[in-house]
Amino acid sequence: MTGGQPSQPPTSSGGNDGWIVVGYLLSGILVWSGVGWLIDRWLHLNGIPIAIGAILGAVGGIYLVMRRFSP
Amino acid sequence: MSKVASVLSLEDPPWPPSVDEFFPPGLFGIDWLTKFMLMVWLAIAVIIVFFLVAYRNPKVVPGRTQWLAESIYGFTRDGIAKEVIGHEGVRFAPYLTTLLVFIAVTNLFAIIPLLQISPNSHIAFPAMLTLVTFVLYIYWGVKTHGAGGYLKKSLFPPDVPLPLYLLLTPIEFFMVFIIRPFTLALRLFANMFAGHMMLLVFTIGGFVLLNAGVLFAPISLLSWALTVVLTIFETLVALLQAYVFVLLTGSYLQASLTAEH
């Protein structure tokens with residue numbers, strides 16, 4: 001895929017991969033439901049922005065995981 | 001209650017074990033001079049003396065102490081620094097080795113009689129070690145790519161449609177600058193905390209069962225047998241967590257040094 005690079009850099013032994021996945025999913029959901037929470041505090045929409053934020057964040061997190069691990 | 005049991009039980013054991021067990025009083029009436037302080041000094045002294053003795057009179061054909069020291073350093077240099085970071089990693093080998101040895105020794109205090117608790121079961125110690133690693137990998141990221149380049153590299157993943165950055169950049173920021181250091185410190189802390197708690201539960205639990213009556217007394221033997229098994233398990237965890245901490249430090253450094261993650 002990346003033609004410019006001579007070869008894939010040596011990847012760390014798989015132990016780290018699990019943490020990357022968990023980290024991305026967690027941070028996605030936390031960050032965007034946090035933003036949703038702030039919007040909810042501001043506009044009083046019965047928590048709906050939090051739900052939307054959590055879903056958006058999960059999507060973003062999954063996207064980043066797929067980007068990282070797709071060959 | 002039999003005489004043996006009452007001798008064994010000393011006074012009433014504190015049950016259930018609580019977080020108070022992790023806060024021994026200051027020694028000699030000095031608040032800051034705690035068991036943990038002394039253990040950290042002890043760890044540093046042990047490490048310095050060990051490596052000084054090992055390399056005091058280095059030989060081409062190493063003796064046993066020199067061999068041990070060389071294998072520890074060689075393991076970190078080849079197994080972590082070169083393997084994870086790549087060719088440039090050799091210059092980080094001294095730091096990684098120091099980190100590995102320090103964490104391994106302080107972790108092993110958890111199972112050494114009389115000490116029996118690891119300083120790393122206080123969040124302050126893993127947090128400080130993490131802070132050093134955190135500053136180090138940000139420093140090297142900024143030094144290699146420049147401040148803007150490093151931020152761009154870590155916050156803006158390449159080959160992504162432009163509007164998606166609005167969604168992804170906050171996530172990447174949270175991941176790199178918050179989740180990474182937090183999980184690094186928490187993993188070590190939680191493992192050592194839980195390990196000590198577990199050993200306490202089974203050791204003191206044995207005494208509690210012994211005092212609980214004839215029916216329960218035999219179960220205390222099972223409890224103590226589990227203490228032995230868990231001590232072996234705890235040794236494994238102690239060494240493994242030291243390795244994981246250093247491995248992740250290496251992998252974060254690698255992410256800072258390479259052109260693209």
# chains A, B, ... in the order shown; residues from 1 in each chain; ligands from 1
>>> closest_atom_pairs(of="chain B", to="chain A", cutoff="8 Å", atoms="only C-alpha atoms", output="Markdown table")
| residue | atom | partner | partner_atom | distance |
| --- | --- | --- | --- | --- |
| B:Glu83 | CA | A:Ser12 | CA | 7.1 |
| B:Val84 | CA | A:Ser12 | CA | 5.0 |
| B:Gly86 | CA | A:Pro10 | CA | 7.1 |
| B:Leu167 | CA | A:Gly60 | CA | 6.4 |
| B:Leu168 | CA | A:Gly60 | CA | 5.9 |
| B:Pro170 | CA | A:Val31 | CA | 6.9 |
| B:Ile171 | CA | A:Gly28 | CA | 5.1 |
| B:Glu172 | CA | A:Tyr24 | CA | 7.7 |
| B:Phe174 | CA | A:Ser27 | CA | 5.9 |
| B:Met175 | CA | A:Ser27 | CA | 5.9 |
| B:Ile179 | CA | A:Gly23 | CA | 6.5 |
| B:Arg180 | CA | A:Gly23 | CA | 7.7 |
| B:Leu248 | CA | A:Asn16 | CA | 7.0 |
| B:Ser251 | CA | A:Ser12 | CA | 6.7 |
>>> residues_around(residues="segment 15-22 of chain B", least_positions_apart="4", cutoff="8 Å", atoms="only C-alpha atoms", output="VMD selection string")
chain B and resid 121 to 122 197 200 to 201 204 to 205 208
>>> residues_around(residues="segment 95-109 of chain B", least_positions_apart="4", cutoff="9 Å", atoms="only C-alpha atoms", output="PDB file with C-alpha atoms, in the first residue's frame")
ATOM      1  CA  MET B  39      12.077   0.301  50.089  1.00  0.00           C
ATOM      2  CA  VAL B  40      12.727   2.631  47.168  1.00  0.00           C
ATOM      3  CA  ALA B  43      15.906  -0.912  45.592  1.00  0.00           C
ATOM      4  CA  ILE B  44      18.190   1.816  44.286  1.00  0.00           C
ATOM      5  CA  VAL B  46      20.586  -2.965  45.517  1.00  0.00           C
ATOM      6  CA  ILE B  47      20.600  -2.079  41.817  1.00  0.00           C
ATOM      7  CA  ILE B  72      19.621  -8.298  31.650  1.00  0.00           C
ATOM      8  CA  TYR B  73      21.115  -5.485  29.614  1.00  0.00           C
ATOM      9  CA  PHE B  75      17.753  -8.710  26.852  1.00  0.00           C
ATOM     10  CA  THR B  76      16.532  -5.117  27.075  1.00  0.00           C
ATOM     11  CA  ARG B  77      18.780  -3.879  24.301  1.00  0.00           C
ATOM     12  CA  ILE B  80      13.011  -4.450  23.537  1.00  0.00           C
ATOM     13  CA  ALA B  81      15.098  -1.518  22.308  1.00  0.00           C
ATOM     14  CA  ARG B  91      20.519   4.744  22.546  1.00  0.00           C
ATOM     15  CA  PRO B 113       9.351 -11.650  53.472  1.00  0.00           C
ATOM     16  CA  LEU B 115       8.887  -6.194  52.994  1.00  0.00           C
ATOM     17  CA  GLN B 116       5.871  -7.937  51.466  1.00  0.00           C
ATOM     18  CA  ILE B 117       4.465  -4.950  49.647  1.00  0.00           C
ATOM     19  CA  SER B 118       5.543  -3.231  46.478  1.00  0.00           C
ATOM     20  CA  PRO B 119       6.029   0.546  46.395  1.00  0.00           C
ATOM     21  CA  ASN B 120       4.291   0.342  43.043  1.00  0.00           C
ATOM     22  CA  SER B 121       1.050  -0.461  44.832  1.00  0.00           C
ATOM     23  CA  PRO B 126       4.019   4.325  38.763  1.00  0.00           C
ATOM     24  CA  LEU B 129       7.790   6.606  36.259  1.00  0.00           C
ATOM     25  CA  MET B 192       0.604  -4.575  42.305  1.00  0.00           C
ATOM     26  CA  GLU B 234       2.561 -12.816  42.024  1.00  0.00           C
ATOM     27  CA  THR B 235       6.222 -13.333  41.144  1.00  0.00           C
ATOM     28  CA  VAL B 237       2.995 -10.847  37.531  1.00  0.00           C
ATOM     29  CA  ALA B 238       5.746  -8.705  39.067  1.00  0.00           C
ATOM     30  CA  LEU B 239       8.253  -9.596  36.353  1.00  0.00           C
ATOM     31  CA  LEU B 240       5.674  -9.498  33.576  1.00  0.00           C
ATOM     32  CA  GLN B 241       4.440  -6.030  34.540  1.00  0.00           C
ATOM     33  CA  ALA B 242       7.987  -4.694  34.604  1.00  0.00           C
ATOM     34  CA  TYR B 243       8.447  -6.095  31.105  1.00  0.00           C
ATOM     35  CA  PHE B 245       5.870  -1.260  31.210  1.00  0.00           C
ATOM     36  CA  VAL B 246       9.211  -1.150  29.436  1.00  0.00           C
ATOM     37  CA  LEU B 247       7.801  -2.694  26.256  1.00  0.00           C
ATOM     38  CA  THR B 249       7.640   2.721  26.789  1.00  0.00           C
ATOM     39  CA  GLY B 250       9.595   1.378  23.836  1.00  0.00           C
TER      40      GLY B 250
END
>>> closest_residue(among="A:Gly34, A:Ser70, A:Gly18, A:Ile62", to="Pro49 of chain A", atoms="only C-alpha atoms")
A:Gly34
>>> residues_around(residues="Ala69 of chain B", least_positions_apart="2", cutoff="10 Å", atoms="only C-alpha atoms", output="list in words")
Phe50, Phe51, Leu52, Val53, Ala54, Tyr55, Pro62, Arg64, Thr65, Gln66, Trp67, Ser71, Ile72, Tyr73, Gly74 and Phe75 of chain B
>>> write_last_selection(atoms="C-alpha atoms", output="compact mmCIF listing (two decimals), in the first residue's frame")
# COMPACT_ATOMS: atom_id res chain seq x y z
CA PHE B 50 24.66 -5.16 41.85
CA PHE B 51 25.78 -3.46 38.66
CA LEU B 52 28.92 -2.01 40.27
CA VAL B 53 29.93 -5.45 41.52
CA ALA B 54 29.04 -7.06 38.21
CA TYR B 55 31.19 -4.65 36.21
CA PRO B 62 32.06 -13.36 32.30
CA ARG B 64 28.14 -15.48 37.09
CA THR B 65 27.28 -11.97 38.33
CA GLN B 66 28.66 -10.32 35.22
CA TRP B 67 26.79 -12.82 33.08
CA SER B 71 21.98 -10.82 30.07
CA ILE B 72 19.62 -8.30 31.65
CA TYR B 73 21.12 -5.49 29.61
CA GLY B 74 21.35 -7.62 26.49
CA PHE B 75 17.75 -8.71 26.85
>>> atom_distance(atom1="atom CA of Tyr165 of chain B", atom2="atom CA of Phe177 of chain B")
17.2 Å
